[in-house]
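Source file: query_26.cif (mmCIF, C-alpha atoms and all ligand atoms)
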```
data_data
loop_
_atom_site.label_atom_id
_atom_site.label_comp_id
_atom_site.auth_asym_id
_atom_site.auth_seq_id
_atom_site.Cartn_x
_atom_site.Cartn_y
_atom_site.Cartn_z
CA MET A 1 97.82 89.28 87.38
CA ARG A 2 97.78 90.28 91.04
CA LEU A 3 100.03 93.17 91.92
CA ILE A 4 100.62 95.54 94.77
CA LEU A 5 102.20 98.95 94.46
CA MET A 6 104.09 100.26 97.48
CA GLY A 7 106.06 103.37 98.29
CA PRO A 8 105.95 106.38 100.61
CA PRO A 9 103.22 109.03 100.39
CA GLY A 10 103.86 111.11 97.30
CA ALA A 11 105.89 108.46 95.48
CA GLY A 12 103.50 108.61 92.54
CA LYS A 13 101.67 105.37 93.19
CA GLY A 14 98.29 106.58 92.00
CA THR A 15 99.62 107.84 88.67
CA GLN A 16 101.53 104.66 87.91
CA ALA A 17 98.79 102.39 89.22
CA LYS A 18 96.35 103.48 86.55
CA VAL A 19 98.75 103.01 83.63
CA VAL A 20 99.98 99.62 84.79
CA ALA A 21 96.48 98.33 85.59
CA ASP A 22 95.17 99.47 82.18
CA HIS A 23 97.98 97.59 80.49
CA PHE A 24 96.96 94.35 82.15
CA GLY A 25 93.23 95.00 81.84
CA ILE A 26 92.74 94.85 85.58
CA PRO A 27 91.28 97.42 87.99
CA ALA A 28 93.58 99.73 89.95
CA ILE A 29 92.20 99.67 93.46
CA SER A 30 93.32 102.58 95.62
CA THR A 31 92.28 102.40 99.25
CA GLY A 32 93.02 106.13 99.60
CA ASP A 33 90.68 106.93 96.68
CA ILE A 34 87.93 104.71 98.04
CA PHE A 35 88.21 106.34 101.46
CA ARG A 36 88.16 109.83 99.93
CA ALA A 37 85.07 109.01 97.85
CA ASN A 38 83.32 107.77 100.99
CA VAL A 39 84.31 110.86 102.92
CA SER A 40 82.98 113.19 100.24
CA GLN A 41 79.71 111.24 99.99
CA GLY A 42 79.36 111.26 103.77
CA THR A 43 78.86 107.48 104.03
CA PRO A 44 79.21 105.65 107.38
CA LEU A 45 82.57 104.29 106.14
CA GLY A 46 83.67 107.82 105.28
CA LYS A 47 82.68 109.02 108.73
CA LYS A 48 84.77 106.28 110.33
CA ALA A 49 87.79 107.00 108.13
CA GLN A 50 87.91 110.77 108.10
CA GLU A 51 89.41 111.53 111.49
CA TYR A 52 92.25 109.08 110.91
CA MET A 53 92.97 110.38 107.43
CA ASP A 54 92.97 114.01 108.52
CA ALA A 55 95.49 113.16 111.24
CA GLY A 56 97.72 111.20 108.82
CA GLU A 57 97.09 107.95 110.73
CA TYR A 58 96.02 104.65 109.23
CA VAL A 59 92.38 103.74 109.28
CA PRO A 60 91.93 100.67 111.56
CA ASP A 61 92.72 97.36 109.86
CA GLU A 62 89.29 95.85 110.37
CA VAL A 63 87.64 98.73 108.50
CA THR A 64 90.17 98.70 105.67
CA ASN A 65 90.25 94.92 105.32
CA LEU A 66 86.48 94.62 104.96
CA MET A 67 86.46 97.34 102.35
CA VAL A 68 89.21 95.73 100.26
CA ARG A 69 87.63 92.31 100.53
CA ALA A 70 84.34 93.66 99.19
CA ARG A 71 86.10 95.46 96.37
CA ILE A 72 88.14 92.51 95.12
CA ASP A 73 85.05 90.31 95.26
CA GLU A 74 83.56 92.43 92.48
CA PRO A 75 83.53 90.71 89.08
CA ASP A 76 85.92 93.15 87.37
CA ALA A 77 88.65 91.92 89.73
CA ASP A 78 88.25 88.28 88.64
CA PRO A 79 91.16 88.46 86.16
CA GLY A 80 93.31 90.20 88.77
CA PHE A 81 93.91 93.58 90.34
CA LEU A 82 96.51 96.14 91.20
CA LEU A 83 96.34 97.35 94.79
CA ASP A 84 97.56 100.88 95.42
CA GLY A 85 98.00 101.62 99.11
CA TYR A 86 97.16 98.19 100.47
CA PRO A 87 98.52 96.32 102.38
CA ARG A 88 100.13 98.86 104.71
CA THR A 89 100.33 96.81 107.91
CA LEU A 90 101.38 93.26 108.72
CA ALA A 91 97.80 92.40 109.62
CA GLN A 92 96.75 93.58 106.15
CA VAL A 93 99.43 91.39 104.54
CA GLU A 94 97.95 88.35 106.25
CA GLU A 95 94.44 89.35 105.33
CA LEU A 96 95.40 89.82 101.68
CA ASP A 97 97.17 86.46 101.63
CA GLY A 98 93.94 84.87 102.81
CA MET A 99 91.83 86.70 100.24
CA ILE A 100 94.09 85.67 97.37
CA ARG A 101 94.52 82.10 98.56
CA HIS A 102 90.77 81.82 98.69
CA THR A 103 90.61 82.50 94.93
CA GLY A 104 93.28 79.86 94.23
CA HIS A 105 95.80 82.42 92.94
CA GLU A 106 98.93 84.05 94.28
CA LEU A 107 100.40 87.51 94.50
CA ASP A 108 102.60 87.95 91.41
CA ALA A 109 104.60 91.03 92.29
CA ALA A 110 105.15 93.84 94.77
CA VAL A 111 106.34 96.94 92.96
CA VAL A 112 108.07 99.37 95.32
CA LEU A 113 108.60 102.95 94.17
CA THR A 114 111.59 104.65 95.78
CA VAL A 115 111.91 108.44 95.89
CA ASP A 116 114.04 111.18 97.33
CA PRO A 117 112.34 112.53 100.51
CA ASP A 118 112.90 116.20 99.51
CA GLU A 119 111.23 115.58 96.19
CA ILE A 120 108.26 114.06 97.98
CA VAL A 121 107.61 117.13 100.08
CA ALA A 122 107.72 119.31 96.96
CA ARG A 123 105.27 117.03 95.13
CA LEU A 124 102.83 116.89 98.00
CA VAL A 125 102.86 120.62 98.53
CA GLN A 126 102.06 121.02 94.84
CA ARG A 127 99.32 118.40 95.02
CA ALA A 128 97.77 120.22 97.98
CA GLU A 129 97.45 123.30 95.76
CA VAL A 130 96.02 121.39 92.80
CA GLU A 131 93.70 118.91 94.49
CA GLY A 132 93.06 120.53 97.84
CA ARG A 133 93.47 117.30 99.80
CA THR A 134 92.88 118.00 103.48
CA ASP A 135 95.70 115.61 104.49
CA ASP A 136 98.38 117.38 102.45
CA THR A 137 99.30 120.02 105.04
CA GLU A 138 102.96 119.96 105.99
CA GLU A 139 102.33 118.62 109.47
CA VAL A 140 100.07 115.80 108.29
CA VAL A 141 102.42 114.94 105.42
CA ARG A 142 105.24 114.56 107.91
CA ARG A 143 103.10 112.30 110.09
CA ARG A 144 102.10 110.17 107.07
CA GLN A 145 105.75 109.71 106.23
CA GLU A 146 106.55 108.61 109.79
CA VAL A 147 103.66 106.17 109.81
CA TYR A 148 104.87 104.76 106.50
CA VAL A 149 108.38 104.20 107.84
CA GLU A 150 107.11 102.63 111.07
CA GLN A 151 104.31 100.47 109.79
CA THR A 152 104.65 99.90 106.07
CA GLU A 153 108.34 99.90 105.14
CA PRO A 154 108.92 96.65 107.08
CA LEU A 155 106.48 94.89 104.75
CA ILE A 156 108.93 95.23 101.87
CA GLU A 157 111.18 92.73 103.64
CA VAL A 158 108.29 90.28 103.99
CA TYR A 159 107.70 90.34 100.25
CA ARG A 160 111.42 90.35 99.50
CA ARG A 161 111.73 87.05 101.30
CA ARG A 162 109.07 85.70 98.96
CA GLY A 163 111.14 86.88 96.00
CA ILE A 164 108.45 89.07 94.46
CA VAL A 165 109.77 92.59 95.16
CA HIS A 166 110.68 94.87 92.24
CA GLU A 167 112.27 98.06 93.50
CA ILE A 168 111.80 100.88 91.00
CA ASP A 169 113.39 104.31 90.98
CA GLY A 170 110.39 106.62 91.15
CA MET A 171 112.33 109.78 90.30
CA GLY A 172 112.10 111.42 86.89
CA ALA A 173 109.35 111.81 84.32
CA VAL A 174 106.14 109.84 84.74
CA GLU A 175 106.72 107.97 81.44
CA GLU A 176 110.24 107.05 82.47
CA VAL A 177 109.04 105.55 85.72
CA THR A 178 106.30 103.65 83.86
CA LYS A 179 108.92 102.22 81.48
CA ARG A 180 111.01 101.03 84.42
CA ILE A 181 108.01 99.29 85.92
CA PHE A 182 107.14 97.50 82.69
CA CYS A 183 110.76 96.58 82.21
CA ALA A 184 110.90 95.06 85.68
CA LEU A 185 107.66 93.19 85.10
CA ASP A 186 109.14 92.03 81.82
CA VAL A 187 106.45 93.32 79.54
CA VAL A 188 106.28 95.74 76.66
CA PRO A 189 103.90 98.64 77.28
CA GLN A 190 101.03 98.79 74.78
CA SER A 191 100.64 102.22 73.26
P1 LIG B 201 99.31 108.63 100.58
O1 LIG B 201 99.65 109.65 99.54
O2 LIG B 201 99.54 109.13 101.98
O3 LIG B 201 99.95 107.32 100.32
P2 LIG B 201 96.59 107.57 100.12
O4 LIG B 201 95.72 108.35 99.22
O5 LIG B 201 97.06 106.26 99.61
O6 LIG B 201 97.76 108.53 100.53
O7 LIG B 201 95.85 107.35 101.54
C1 LIG B 201 95.34 108.45 102.26
C2 LIG B 201 94.94 108.01 103.66
O8 LIG B 201 93.96 106.95 103.59
C3 LIG B 201 96.06 107.42 104.52
O9 LIG B 201 96.83 108.42 105.16
C4 LIG B 201 95.24 106.58 105.52
O10 LIG B 201 94.63 107.37 106.51
C5 LIG B 201 94.13 106.02 104.65
N1 LIG B 201 94.53 104.70 104.08
C6 LIG B 201 94.77 104.42 102.78
N2 LIG B 201 95.11 103.13 102.62
C7 LIG B 201 95.11 102.57 103.85
C8 LIG B 201 95.39 101.28 104.37
N3 LIG B 201 95.76 100.27 103.57
N4 LIG B 201 95.27 101.08 105.71
C9 LIG B 201 94.89 102.07 106.52
N5 LIG B 201 94.63 103.32 106.11
C10 LIG B 201 94.73 103.58 104.80
#
```

Spit out the file's structure as structure tokens when you get a sec.
Amino acid sequence: MRLILMGPPGAGKGTQAKVVADHFGIPAISTGDIFRANVSQGTPLGKKAQEYMDAGEYVPDEVTNLMVRARIDEPDADPGFLLDGYPRTLAQVEELDGMIRHTGHELDAAVVLTVDPDEIVARLVQRAEVEGRTDDTEEVVRRRQEVYVEQTEPLIEVYRRRGIVHEIDGMGAVEEVTKRIFCALDVVPQS
């Protein structure tokens, strides 16, 4: 099972990614989480990523692509993976295609979470209080949303043409959204 989870910042990708990946017994790979871990450990990768993240801009493709390639080469990703937050640019789509082709598999689905923009701002403001993310200030949140619309939203069309997009209403309770995802992927969630 090879899945990607898309949607604007604050759509709830991280929360859903973990549940869905657990169900399929595959790792949930979040580029945002990997970058944040590197930033907090002060690694060279973290140092490269931080200024972009703090400004709400995307980390350059060549940095992100190398990181994802290394991660999906790890043995736990042999049976598949769920990517949360990758690809976000057309160059990343091509890179991912190459990585998956190389393993002789294909991308099974692109799950797109849709949300009401007002709800997103409320969620992110709350998350800033709970988690203290440095990129959750109002100004940076707004920039992240713009970058998403400019650079990432067009990718949905690319995957739609391949017939693998599942658009899911991301509003409502976490469990409700999870149910919709499983329903779209045509599986029964294991309790
Ligand atoms: P968001 O809630 O904005 O979707 P993430 O936790 O997924 O946040 O990502 C946080 C930041 O990490 C992004 O704003 C960006 O700087 C960087 N990042 C994450 N994934 C990618 C990617 N695929 N390409 C480039 N930058 C990325």

Name the closest residue to Pro79 in chain A among the candidates A:Thr103, A:Glu94, A:Thr134, A:Arg36; distances are taken between atoms, counting only C-alpha atoms. A:Thr103

Using all atoms listed in the file for the distances, tell me which of A:Ala11, A:Ala70, A:Ala77, A:Ile34 is nearest to Val121 in chain A.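 Of the candidates, the smallest distance to Val121 in chain A is held by A:Ala11.
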
Find, counting all atoms listed in the file, the residue in A:Ala49, A:Val177, A:Ile156, A:Ala110 that gets nearest to ligand LIG 201 (chain B). A:Ala49

Could the residues that lie within 8 Å of ligand LIG 201 (chain B), counting all atoms listed in the file, be listed as number ranges by chain? A: 7-11, 13-14, 30-33, 35-36, 49-50, 52-61, 64-65, 84-89, 92, 135, 141, 144-145

Kindly save the residues from that selection, with C-alpha atoms included, as a compact mmCIF listing (two decimals), in the frame of the given file.
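Writing the result to part.txt gives the following:
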```
# COMPACT_ATOMS: atom_id res chain seq x y z
CA GLY A 7 106.06 103.37 98.29
CA PRO A 8 105.95 106.38 100.61
CA PRO A 9 103.22 109.03 100.39
CA GLY A 10 103.86 111.11 97.30
CA ALA A 11 105.89 108.46 95.48
CA LYS A 13 101.67 105.37 93.19
CA GLY A 14 98.29 106.58 92.00
CA SER A 30 93.32 102.58 95.62
CA THR A 31 92.28 102.40 99.25
CA GLY A 32 93.02 106.13 99.60
CA ASP A 33 90.68 106.93 96.68
CA PHE A 35 88.21 106.34 101.46
CA ARG A 36 88.16 109.83 99.93
CA ALA A 49 87.79 107.00 108.13
CA GLN A 50 87.91 110.77 108.10
CA TYR A 52 92.25 109.08 110.91
CA MET A 53 92.97 110.38 107.43
CA ASP A 54 92.97 114.01 108.52
CA ALA A 55 95.49 113.16 111.24
CA GLY A 56 97.72 111.20 108.82
CA GLU A 57 97.09 107.95 110.73
CA TYR A 58 96.02 104.65 109.23
CA VAL A 59 92.38 103.74 109.28
CA PRO A 60 91.93 100.67 111.56
CA ASP A 61 92.72 97.36 109.86
CA THR A 64 90.17 98.70 105.67
CA ASN A 65 90.25 94.92 105.32
CA ASP A 84 97.56 100.88 95.42
CA GLY A 85 98.00 101.62 99.11
CA TYR A 86 97.16 98.19 100.47
CA PRO A 87 98.52 96.32 102.38
CA ARG A 88 100.13 98.86 104.71
CA THR A 89 100.33 96.81 107.91
CA GLN A 92 96.75 93.58 106.15
CA ASP A 135 95.70 115.61 104.49
CA VAL A 141 102.42 114.94 105.42
CA ARG A 144 102.10 110.17 107.07
CA GLN A 145 105.75 109.71 106.23
```

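The nearest approach to Tyr159 in chain A among the residues A:Leu45, A:Leu5, A:Ile26, A:Met99, with only C-alpha atoms taken into account, belongs to A:Leu5.
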
One decimal, in Å: what's the spacing between CA of Val68 in chain A and CA of Arg160 in chain A?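 Separation between CA of Val68 in chain A and CA of Arg160 in chain A: 22.9 Å.
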
Computed gap from CA of Leu66 in chain A to CA of Leu3 in chain A is 18.9 Å

Closest to Val165 in chain A among A:Gln41, A:Gly80, A:Val112, A:Asp97, using only C-alpha atoms? A:Val112

Quick one: axis-aligned box around all listed atoms of range 133-140 of chain A, 3 Å on every side, centre and edge lengths in Å to one decimal, written as JSON.
```
{"center_x": 97.9, "center_y": 117.8, "center_z": 104.6, "size_x": 16.1, "size_y": 10.4, "size_z": 15.7}
```

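CA of Asn38 in chain A to CA of Glu74 in chain A spans 17.5 Å [interatomic distance, one decimal].
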